[in-house]
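Colleague: For reference, this is work39.cif, and it has mmCIF, C-alpha atoms.
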```
data_entry
loop_
_atom_site.label_atom_id
_atom_site.label_comp_id
_atom_site.auth_asym_id
_atom_site.auth_seq_id
_atom_site.Cartn_x
_atom_site.Cartn_y
_atom_site.Cartn_z
CA THR A 1 0.00 0.00 0.00
CA ASP A 2 1.10 3.58 -0.47
CA THR A 3 -0.05 6.99 0.69
CA SER A 4 1.63 10.33 0.17
CA GLY A 5 1.55 13.96 1.21
CA GLU A 6 1.61 17.06 -0.95
CA SER A 7 4.45 19.53 -1.34
CA TYR A 8 3.61 23.20 -1.75
CA GLY A 9 3.68 26.38 0.31
CA GLY A 10 5.79 24.78 3.06
CA PHE A 11 4.19 21.33 2.99
CA CYS A 12 6.65 18.43 2.66
CA THR A 13 6.16 15.35 0.51
CA TYR A 14 6.43 11.87 2.01
CA GLY A 15 5.37 8.35 1.14
CA VAL A 16 4.31 5.43 3.32
CA GLY A 17 4.74 1.82 2.26
CA THR A 18 3.89 -1.40 4.11
CA ASP A 19 6.12 -4.50 4.21
CA ARG A 20 4.39 -7.79 5.02
CA GLN A 21 5.98 -11.10 5.97
CA ASP A 22 3.84 -14.23 5.87
CA ILE A 23 4.49 -17.26 8.08
CA HIS A 24 3.55 -20.69 6.76
CA ALA A 25 2.55 -23.75 8.77
CA GLU A 26 5.56 -26.00 9.40
CA ASN A 27 3.91 -29.17 8.06
CA ALA A 28 1.66 -27.50 5.50
CA GLU A 29 3.71 -24.89 3.70
CA GLU A 30 0.85 -23.88 1.41
CA LYS A 31 -1.05 -22.53 4.40
CA ILE A 32 -0.37 -19.01 5.68
CA VAL A 33 -1.18 -19.01 9.38
CA ALA A 34 0.43 -15.78 10.60
CA HIS A 35 1.80 -12.51 9.31
CA VAL A 36 3.68 -9.40 10.37
CA SER A 37 3.41 -6.01 8.68
CA ILE A 38 5.42 -2.85 9.33
CA PRO A 39 5.40 0.60 7.73
CA THR A 40 8.29 2.39 6.06
CA VAL A 41 8.22 6.16 5.58
CA VAL A 42 10.12 7.87 2.77
CA TYR A 43 10.57 11.60 3.34
CA TYR A 44 11.26 14.03 0.48
CA GLY A 45 11.17 17.31 2.40
CA PRO A 46 14.10 19.68 3.03
CA SER A 47 14.39 19.20 6.82
CA GLU A 48 17.49 17.15 7.64
CA GLN A 49 16.35 16.86 11.25
CA ILE A 50 12.98 15.37 10.31
CA LYS A 51 14.68 13.04 7.81
CA LYS A 52 17.02 11.84 10.58
CA GLY A 53 14.08 11.30 12.93
CA ILE A 54 12.16 9.34 10.28
CA ASP A 55 15.22 7.15 9.59
CA GLU A 56 15.39 6.34 13.31
CA MET A 57 11.66 5.59 13.35
CA ASN A 58 12.01 3.23 10.38
CA ALA A 59 14.85 1.42 12.15
CA TYR A 60 12.60 1.01 15.20
CA PHE A 61 9.82 -0.43 13.00
CA ARG A 62 12.26 -2.93 11.48
CA GLU A 63 13.47 -4.04 14.92
CA THR A 64 9.86 -4.35 16.09
CA GLY A 65 8.96 -6.40 13.01
CA THR A 66 11.90 -8.77 13.57
CA ARG A 67 10.91 -9.30 17.20
CA GLN A 68 7.24 -9.85 16.33
CA TYR A 69 8.14 -12.26 13.52
CA GLY A 70 10.16 -14.37 15.96
CA LEU A 71 7.26 -14.41 18.45
CA LEU A 72 4.73 -15.55 15.84
CA LYS A 73 7.15 -18.08 14.38
CA GLU A 74 7.46 -19.68 17.81
CA ILE A 75 3.66 -19.77 18.28
CA VAL A 76 3.21 -21.39 14.87
CA SER A 77 5.73 -24.13 15.75
CA TYR A 78 3.33 -25.42 18.44
CA LEU A 79 0.19 -25.56 16.27
CA ASP A 80 -1.51 -28.92 15.72
CA GLU A 81 -3.48 -29.73 12.55
CA ASP A 82 -6.79 -28.34 13.82
CA SER A 83 -5.11 -25.15 14.99
CA VAL A 84 -3.38 -24.76 11.63
CA ASN A 85 -6.70 -24.97 9.81
CA GLN A 86 -8.22 -22.40 12.14
CA ALA A 87 -5.19 -20.11 11.91
CA GLU A 88 -5.32 -20.22 8.11
CA GLU A 89 -8.72 -18.53 8.27
CA TYR A 90 -7.98 -16.24 11.23
CA ASN A 91 -4.27 -15.47 11.16
CA TYR A 92 -2.10 -14.88 14.15
CA LEU A 93 -0.83 -11.41 13.42
CA CYS A 94 1.15 -8.34 14.35
CA GLU A 95 0.05 -5.48 12.09
CA ASN A 96 1.56 -2.01 12.27
CA SER A 97 0.40 0.78 9.95
CA LEU A 98 1.24 4.48 9.81
CA TYR A 99 -1.05 7.19 8.48
CA GLY A 100 0.63 10.55 7.96
CA VAL A 101 -1.26 13.59 9.27
CA ARG A 102 1.08 16.58 9.13
CA SER A 103 4.31 17.12 7.20
CA ASP A 104 5.97 20.53 7.11
CA ASN A 105 9.12 22.19 8.42
CA VAL A 106 7.77 22.26 11.99
CA VAL A 107 6.76 18.65 12.49
CA PHE A 108 6.13 15.31 10.83
CA SER A 109 3.24 13.55 12.56
CA GLY A 110 1.29 10.37 12.07
CA ILE A 111 -0.99 7.80 13.68
CA ILE A 112 0.42 4.31 14.19
CA SER A 113 -2.34 1.70 14.18
CA GLU A 114 -1.35 -1.49 16.00
CA ALA A 115 -3.18 -4.82 16.04
CA THR A 116 -1.91 -8.05 17.59
CA TYR A 117 -3.44 -11.50 17.85
CA THR A 118 -1.43 -14.27 19.48
CA GLY A 119 -4.37 -16.32 20.75
CA GLY A 120 -7.26 -15.71 23.10
CA VAL A 121 -10.75 -14.27 22.85
CA HIS A 122 -9.95 -11.17 20.79
CA PRO A 123 -7.02 -9.28 19.26
CA ASP A 124 -5.40 -6.37 21.03
CA TYR A 125 -5.40 -3.07 19.17
CA GLY A 126 -4.75 0.59 19.72
CA TYR A 127 -3.15 3.77 18.43
CA GLU A 128 0.28 5.20 19.03
CA THR A 129 1.39 8.53 17.62
CA VAL A 130 4.59 10.03 16.29
CA ASN A 131 5.47 13.74 16.24
CA ILE A 132 8.99 14.41 14.96
CA SER A 133 10.34 17.89 15.62
CA GLY A 134 11.79 19.89 12.74
CA ILE A 135 14.25 21.45 15.21
CA SER A 136 15.66 18.41 17.00
CA GLY A 137 14.59 15.46 14.88
CA LYS A 138 13.36 13.85 18.08
CA GLU A 139 9.87 13.07 19.36
CA LEU A 140 8.11 16.17 20.61
CA SER A 141 7.40 15.99 24.32
CA LEU A 142 4.10 17.14 25.78
CA SER A 143 5.93 20.05 27.43
CA GLU A 144 7.19 21.23 24.04
CA VAL A 145 3.63 21.43 22.74
CA PHE A 146 1.58 22.65 25.73
CA LYS A 147 2.37 25.63 27.95
CA ASP A 148 0.00 24.62 30.78
CA LYS A 149 -0.17 20.89 31.50
CA GLU A 150 -2.41 21.39 34.53
CA LYS A 151 -5.09 23.08 32.43
CA LEU A 152 -4.57 20.45 29.74
CA ALA A 153 -5.33 17.66 32.22
CA GLU A 154 -8.45 19.45 33.44
CA GLU A 155 -9.72 19.95 29.89
CA LEU A 156 -8.99 16.34 28.93
CA VAL A 157 -11.13 15.12 31.81
CA ARG A 158 -13.92 17.52 30.90
CA LYS A 159 -13.86 16.71 27.19
CA LEU A 160 -13.78 12.93 27.71
CA SER A 161 -16.60 13.09 30.24
CA GLU A 162 -18.75 15.14 27.87
CA LYS A 163 -17.99 13.13 24.73
CA TYR A 164 -18.44 9.71 26.40
CA PRO A 165 -21.16 10.20 29.04
CA ASP A 166 -22.09 6.50 29.12
CA THR A 167 -18.54 5.19 29.47
CA LYS A 168 -17.60 3.74 32.84
CA PHE A 169 -14.09 5.08 33.24
CA PHE A 170 -11.74 3.33 35.67
CA ASN A 171 -10.55 6.47 37.45
CA LEU A 172 -10.59 9.21 34.84
CA GLU A 173 -9.26 12.20 36.75
CA GLU A 174 -6.45 10.29 38.45
CA ASP A 175 -5.45 8.38 35.29
CA ILE A 176 -5.34 11.51 33.12
CA LYS A 177 -3.38 13.48 35.72
CA LYS A 178 -0.79 10.72 35.96
CA GLU A 179 -0.46 10.30 32.17
CA VAL A 180 -0.01 14.05 31.65
CA GLU A 181 2.49 14.41 34.51
CA GLU A 182 4.53 11.43 33.29
CA GLU A 183 4.13 12.50 29.63
CA ARG A 184 3.13 9.01 28.49
CA ILE A 185 0.02 10.08 26.62
CA SER A 186 -0.58 9.62 22.88
CA PHE A 187 -1.09 12.98 21.18
CA LEU A 188 -1.00 14.01 17.54
CA VAL A 189 0.01 17.41 16.19
CA GLY A 190 -2.16 18.29 13.20
CA TYR A 191 -2.55 21.37 11.00
CA SER A 192 -5.48 22.79 12.98
CA GLY A 193 -5.03 21.35 16.46
CA ILE A 194 -3.89 18.52 18.74
CA SER A 195 -5.69 15.19 19.08
CA PHE A 196 -5.39 12.65 21.91
CA PHE A 197 -5.98 8.90 21.64
CA PHE A 198 -6.59 6.37 24.39
CA SER A 199 -6.39 2.64 23.65
CA PRO A 200 -8.71 -0.03 25.08
CA TYR A 201 -8.01 -0.72 28.78
CA GLU A 202 -6.14 2.59 29.11
CA LEU A 203 -9.03 4.54 30.64
CA ALA A 204 -11.96 2.15 30.29
CA SER A 205 -12.88 -1.38 29.24
CA PHE A 206 -12.01 -3.12 25.96
CA ALA A 207 -15.65 -2.83 24.89
CA ASP A 208 -15.42 0.97 25.00
CA GLY A 209 -12.83 0.90 22.21
CA ILE A 210 -10.45 3.70 21.31
CA LEU A 211 -11.36 7.07 22.82
CA ASP A 212 -10.27 10.40 21.34
CA VAL A 213 -10.65 14.13 21.90
CA SER A 214 -9.22 17.16 20.08
CA PHE A 215 -7.95 20.63 21.00
CA SER A 216 -8.17 23.16 18.18
CA PHE A 217 -5.54 25.88 17.82
CA GLU A 218 -8.35 28.42 17.63
CA GLU A 219 -10.01 27.40 20.90
CA TYR A 220 -6.93 26.41 22.92
CA GLY A 221 -4.26 28.65 21.43
CA ASP A 222 -3.49 30.11 24.86
CA ILE A 223 -2.07 26.82 26.16
CA ILE A 224 -0.39 25.60 22.95
CA GLU A 225 3.13 26.73 22.06
CA ASP A 226 3.23 29.35 19.30
CA ASN A 227 5.69 27.52 17.04
CA ILE A 228 3.41 24.45 16.93
CA LYS A 229 0.57 26.62 15.61
CA LYS A 230 2.66 27.90 12.70
CA THR A 231 1.39 25.97 9.71
CA PRO A 232 1.97 26.53 5.99
CA GLN A 233 -0.72 28.26 3.96
CA VAL A 234 -2.16 26.52 0.93
CA MET A 235 -1.35 28.52 -2.20
CA ASN A 236 -4.11 28.86 -4.82
#
```
Would you write the structure of this file as structure tokens?
Modeller:
Amino acid sequence: TDTSGESYGGFCTYGVGTDRQDIHAENAEEKIVAHVSIPTVVYYGPSEQIKKGIDEMNAYFRETGTRQYGLLKEIVSYLDEDSVNQAEEYNYLCENSLYGVRSDNVVFSGIISEATYTGGVHPDYGYETVNISGISGKELSLSEVFKDKEKLAEELVRKLSEKYPDTKFFNLEEDIKKEVEEERISFLVGYSGISFFFSPYELASFADGILDVSFSFEEYGDIIEDNIKKTPQVMN
């Protein structure tokens, strides 16, 4: 698969490809019973720092794919004939996909969709995010994006409570406060604002799925760093 960004007025072109490795049953080589997929990003923009950061991200994906392939290969080695037939229809899998969201001289950002099934009732899935700084080439920290983390935590609690009134959160206020303080929260820098994603079991049950809320630059500009809000203008 392949997706790409545009390049004009400060926007930077990139491409995203997906590499898939199939795993065949040991005693029935015609049957694919597991697979691993990882993304590779090709960056064509002028920022050497972002290019360096993307190269490091690609290396991480390759290492992850190698580790996941070894895990699935071991699982497959224990499958009996009935399990092989079942796995042929419903593969064991580790799927990683990246969808680019913003690409300019300030930041390259994207959503990493992760799905894993190694046995059990259901697969595990969730979103991670990547925000590579055009200044450092490293992942942007929450403190580099938001001026007021205390207000951010308060607004996250309010927004989640309002958007998901029927969700039975584990301990919303405490969990959000801890994630913001420890800066282990998935956020995505876009062209018009910042989005947050929470995977199943992070704040609520698996059945509640992935939860998300957004902070627009227009509404929350007072707590978002000025350089993050600088986005290229589309030229007509």
Colleague: Contacts of stretch 191-201 of chain A at 7 Å or less, counting all atoms listed in the file, minus same-chain residues fewer than 6 places along, as a VMD selection string?
Modeller: chain A and resid 102 126 to 127 208 to 217 231
Colleague: Grab the atom CA of A:Thr167 to atom CA of A:Glu219 distance for me, in Å with one decimal place.
Modeller: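 Interatomic distance here is 25.3 Å.
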Colleague: Find, counting all atoms listed in the file, the residue in A:Ile228, A:Met57, A:Ala25, A:Leu93 that gets nearest to A:Asp80.
Modeller: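 For A:Asp80, the nearest of the candidates is A:Ala25.
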Colleague: Evaluate the PyMOL selection byres ((chain A and resi 68) around 10) here and jot the selected residues down as number ranges by chain.
Modeller: A: 35-37, 62-67, 69-74, 93-95, 116
Colleague: Taking the file above as input, evaluate the PyMOL selection byres ((chain A and resi 172) around 12) and report the hits as a list in words.
Modeller: Ala153, Glu154, Glu155, Leu156, Val157, Arg158, Lys159, Leu160, Ser161, Tyr164, Thr167, Lys168, Phe169, Phe170, Asn171, Glu173, Glu174, Asp175, Ile176, Lys177, Lys178, Glu179, Phe198, Tyr201, Glu202, Leu203 and Ala204 of chain A
